[in-house]
Amino acid sequence: MREPSEFQIWRALAVLFVLPALPCLLWPPARFGAEFFGALAVGCAGESIAVRCAAASRTARRVAALGRVLFALFLASFLAIQGVILAGCHADEEAENADFLLVLGAQIYADRPSASLQTRLDAAYDYLQRNPDACAILCGGQGSNEIMPEAWMMRDYLRARGIPEERLLIEDASSNTIQNITNARRQYLSPGDRTAVITNEFHLSRARRLMANAGLDPYGIPAPTPYLSLRIVLHLREYCSVLGLMVSGRWF
């Protein structure tokens, strides 16, 4: 008996999503990619089973119909949100001459910042060199797998490059971007202060939105994300983060 063509399509999609999931398991910074692609693979495999059983089961037909709708919604939301992310990858001219520069934290290792965080810090160094009156607010608490708060290592990195310590302000109690911005505003900022934010380009649309929601100037400076594979995985994770903000009503 010839298998239904739709079953073959869903089975092929399941295999297609498994292929990038496997190498992501081998590189810790890309582990989220394994979860993302793995979930898609499981969903497509389940849909293939529902489609195959649809002729003999009303429940399977309903599950298959629901699966098609959910997959279509996923594709539409993924493309729309990636458009939002990509549209925000540019630098804002208004970011120059800010009083305070928020530098958002990222993963650190025992002896160095992660590659993504290092590019943020290098962009912050260039900015502070161009704007000698600006201070940087270094944002980042200590994760469960980190030896110190991210902000401390960020300060040490910039001090080693010659930035005076009095220009480096520490926000070391946060664990996500919302807390980064909220705590920085509460600790250091006053009404009328000009602000800018530095983060990797994939993260900049969300950072601008959260800066604006906090009543701060939403001007951004992108830092490049190293490695194409890491960039792809981080775009996947950012899709989930932006979608979460939209669903919870905190994006608008």
# chains A, B, ... in the order shown; residues from 1 in each chain; ligands from 1

call {"tool": "select_by_dssp", "arguments": {"residues": "range 19-168 of chain A", "states": "strand (DSSP E or B)", "output": "PyMOL selection string"}}
result
chain A and resi 100-104+108+113+135-139+168

call {"tool": "residues_around", "arguments": {"residues": "Leu13 in chain A", "least_positions_apart": "5", "cutoff": "12 Å", "atoms": "only C-alpha atoms", "output": "list in words"}}
result
Glu6, Phe7, Gln8, Val18, Leu19, Pro20, Phe37, Gly38, Ala39, Leu40, Ala41, Val42, Gly43, Cys44, Ala45, Gly46, Glu47, Ser48 and Phe71 of chain A

call {"tool": "residues_around", "arguments": {"residues": "Ser116 in chain A", "least_positions_apart": "6", "cutoff": "8 Å", "atoms": "only C-alpha atoms", "output": "PyMOL selection string"}}
result
chain A and resi 106-107+200+224-226

call {"tool": "residues_around", "arguments": {"residues": "Glu96 in chain A", "least_positions_apart": "5", "cutoff": "12 Å", "atoms": "only C-alpha atoms", "output": "ChimeraX atom specification"}}
result
/A:91,101,124,126-134,194-198,217,219-221

call {"tool": "closest_atom_pairs", "arguments": {"of": "range 41-117 of chain A", "to": "range 235-242 of chain A", "cutoff": "9 Å", "atoms": "only C-alpha atoms", "output": "JSON lines"}}
result
{"residue": "A:Ser77", "atom": "CA", "partner": "A:Tyr239", "partner_atom": "CA", "distance": 8.7}
{"residue": "A:Phe78", "atom": "CA", "partner": "A:Tyr239", "partner_atom": "CA", "distance": 6.7}
{"residue": "A:Ile81", "atom": "CA", "partner": "A:Tyr239", "partner_atom": "CA", "distance": 6.2}
{"residue": "A:Gln82", "atom": "CA", "partner": "A:Tyr239", "partner_atom": "CA", "distance": 6.7}
{"residue": "A:Ile85", "atom": "CA", "partner": "A:Glu238", "partner_atom": "CA", "distance": 8.0}

call {"tool": "write_last_selection", "arguments": {"atoms": "N, CA and C atoms", "output": "JSON list (two decimals), in the first residue's frame"}}
result
[["chain", "number", "residue", "atom", "x", "y", "z"],
["A", 77, "SER", "N", 4.21, 33.14, 12.65],
["A", 77, "SER", "CA", 4.80, 33.92, 13.74],
["A", 77, "SER", "C", 6.31, 33.97, 13.64],
["A", 78, "PHE", "N", 6.92, 32.85, 13.23],
["A", 78, "PHE", "CA", 8.38, 32.81, 13.12],
["A", 78, "PHE", "C", 8.88, 33.81, 12.09],
["A", 81, "ILE", "N", 8.24, 37.49, 13.35],
["A", 81, "ILE", "CA", 9.12, 37.92, 14.43],
["A", 81, "ILE", "C", 10.56, 38.02, 13.95],
["A", 82, "GLN", "N", 10.99, 37.13, 13.07],
["A", 82, "GLN", "CA", 12.33, 37.28, 12.51],
["A", 82, "GLN", "C", 12.45, 38.58, 11.74],
["A", 85, "ILE", "N", 13.07, 41.17, 14.33],
["A", 85, "ILE", "CA", 14.44, 41.06, 14.84],
["A", 85, "ILE", "C", 15.43, 41.66, 13.84]]

call {"tool": "closest_residue", "arguments": {"among": "A:Ala115, A:Leu16, A:Phe32, A:Ala50", "to": "Tyr227 in chain A", "atoms": "only C-alpha atoms"}}
result
A:Ala115

call {"tool": "residues_around", "arguments": {"residues": "Ile147 in chain A", "least_positions_apart": "3", "cutoff": "8 Å", "atoms": "only C-alpha atoms", "output": "PDB file with N, CA and C atoms, in the first residue's frame"}}
result
ATOM      1  N   TYR A 109      32.667  32.537  31.218  1.00  0.00           N
ATOM      2  CA  TYR A 109      33.350  31.304  31.594  1.00  0.00           C
ATOM      3  C   TYR A 109      34.279  31.599  32.766  1.00  0.00           C
ATOM      4  N   ALA A 110      34.985  30.607  33.209  1.00  0.00           N
ATOM      5  CA  ALA A 110      35.814  30.768  34.401  1.00  0.00           C
ATOM      6  C   ALA A 110      36.889  31.833  34.220  1.00  0.00           C
ATOM      7  N   GLN A 142      24.802  36.688  38.475  1.00  0.00           N
ATOM      8  CA  GLN A 142      25.568  35.439  38.453  1.00  0.00           C
ATOM      9  C   GLN A 142      24.634  34.267  38.170  1.00  0.00           C
TER      10      GLN A 142
END

call {"tool": "atom_distance", "arguments": {"atom1": "CA of Arg155 in chain A", "atom2": "CA of Leu210 in chain A"}}
result
23.4 Å

call {"tool": "residues_around", "arguments": {"residues": "Ala173 in chain A", "least_positions_apart": "3", "cutoff": "9 Å", "atoms": "only C-alpha atoms", "output": "mmCIF file with N, CA and C atoms, in the first residue's frame"}}
result
data_model
loop_
_atom_site.group_PDB
_atom_site.id
_atom_site.type_symbol
_atom_site.label_atom_id
_atom_site.label_comp_id
_atom_site.auth_asym_id
_atom_site.auth_seq_id
_atom_site.Cartn_x
_atom_site.Cartn_y
_atom_site.Cartn_z
ATOM 1 N N CYS A 139 25.525 45.364 33.125
ATOM 2 C CA CYS A 139 24.369 44.655 33.657
ATOM 3 C C CYS A 139 24.552 43.149 33.559
ATOM 4 N N GLY A 140 24.393 42.456 34.678
ATOM 5 C CA GLY A 140 24.443 41.002 34.635
ATOM 6 C C GLY A 140 24.733 40.393 35.983
ATOM 7 N N GLY A 141 23.843 39.539 36.444
ATOM 8 C CA GLY A 141 24.060 38.829 37.694
ATOM 9 C C GLY A 141 24.834 37.533 37.481
ATOM 10 N N GLN A 142 24.802 36.688 38.475
ATOM 11 C CA GLN A 142 25.568 35.439 38.453
ATOM 12 C C GLN A 142 24.634 34.267 38.170
ATOM 13 N N PRO A 149 29.293 37.292 39.236
ATOM 14 C CA PRO A 149 28.338 38.032 38.419
ATOM 15 C C PRO A 149 28.977 38.473 37.099
ATOM 16 N N GLN A 179 15.134 42.588 33.948
ATOM 17 C CA GLN A 179 15.764 42.972 35.214
ATOM 18 C C GLN A 179 16.995 43.836 34.986
ATOM 19 N N ASN A 180 17.781 43.542 33.938
ATOM 20 C CA ASN A 180 18.931 44.394 33.592
ATOM 21 C C ASN A 180 18.513 45.859 33.554
ATOM 22 N N ASN A 183 16.713 47.310 36.953
ATOM 23 C CA ASN A 183 17.662 47.570 38.037
ATOM 24 C C ASN A 183 18.597 48.721 37.713
#

call {"tool": "closest_residue", "arguments": {"among": "A:Met153, A:Leu79, A:Met246, A:Ile137", "to": "Arg186 in chain A", "atoms": "only C-alpha atoms"}}
result
A:Ile137

call {"tool": "closest_residue", "arguments": {"among": "A:His203, A:Arg11, A:His90, A:Arg31", "to": "Leu230 in chain A", "atoms": "only C-alpha atoms"}}
result
A:Arg31

call {"tool": "select_by_dssp", "arguments": {"residues": "range 23-185 of chain A", "states": "alpha helix (DSSP H)", "output": "ChimeraX atom specification"}}
result
/A:23-24,31-53,58-87,115-130,150-160,177-185

call {"tool": "residues_around", "arguments": {"residues": "Arg209 in chain A", "least_positions_apart": "6", "cutoff": "9 Å", "atoms": "only C-alpha atoms", "output": "PyMOL selection string"}}
result
chain A and resi 218+251-252

call {"tool": "atom_distance", "arguments": {"atom1": "CA of Asn213 in chain A", "atom2": "CA of Ser248 in chain A"}}
result
13.9 Å

call {"tool": "closest_residue", "arguments": {"among": "A:Ala30, A:Ile108, A:Leu189, A:Leu234", "to": "Ala214 in chain A", "atoms": "only C-alpha atoms"}}
result
A:Leu189
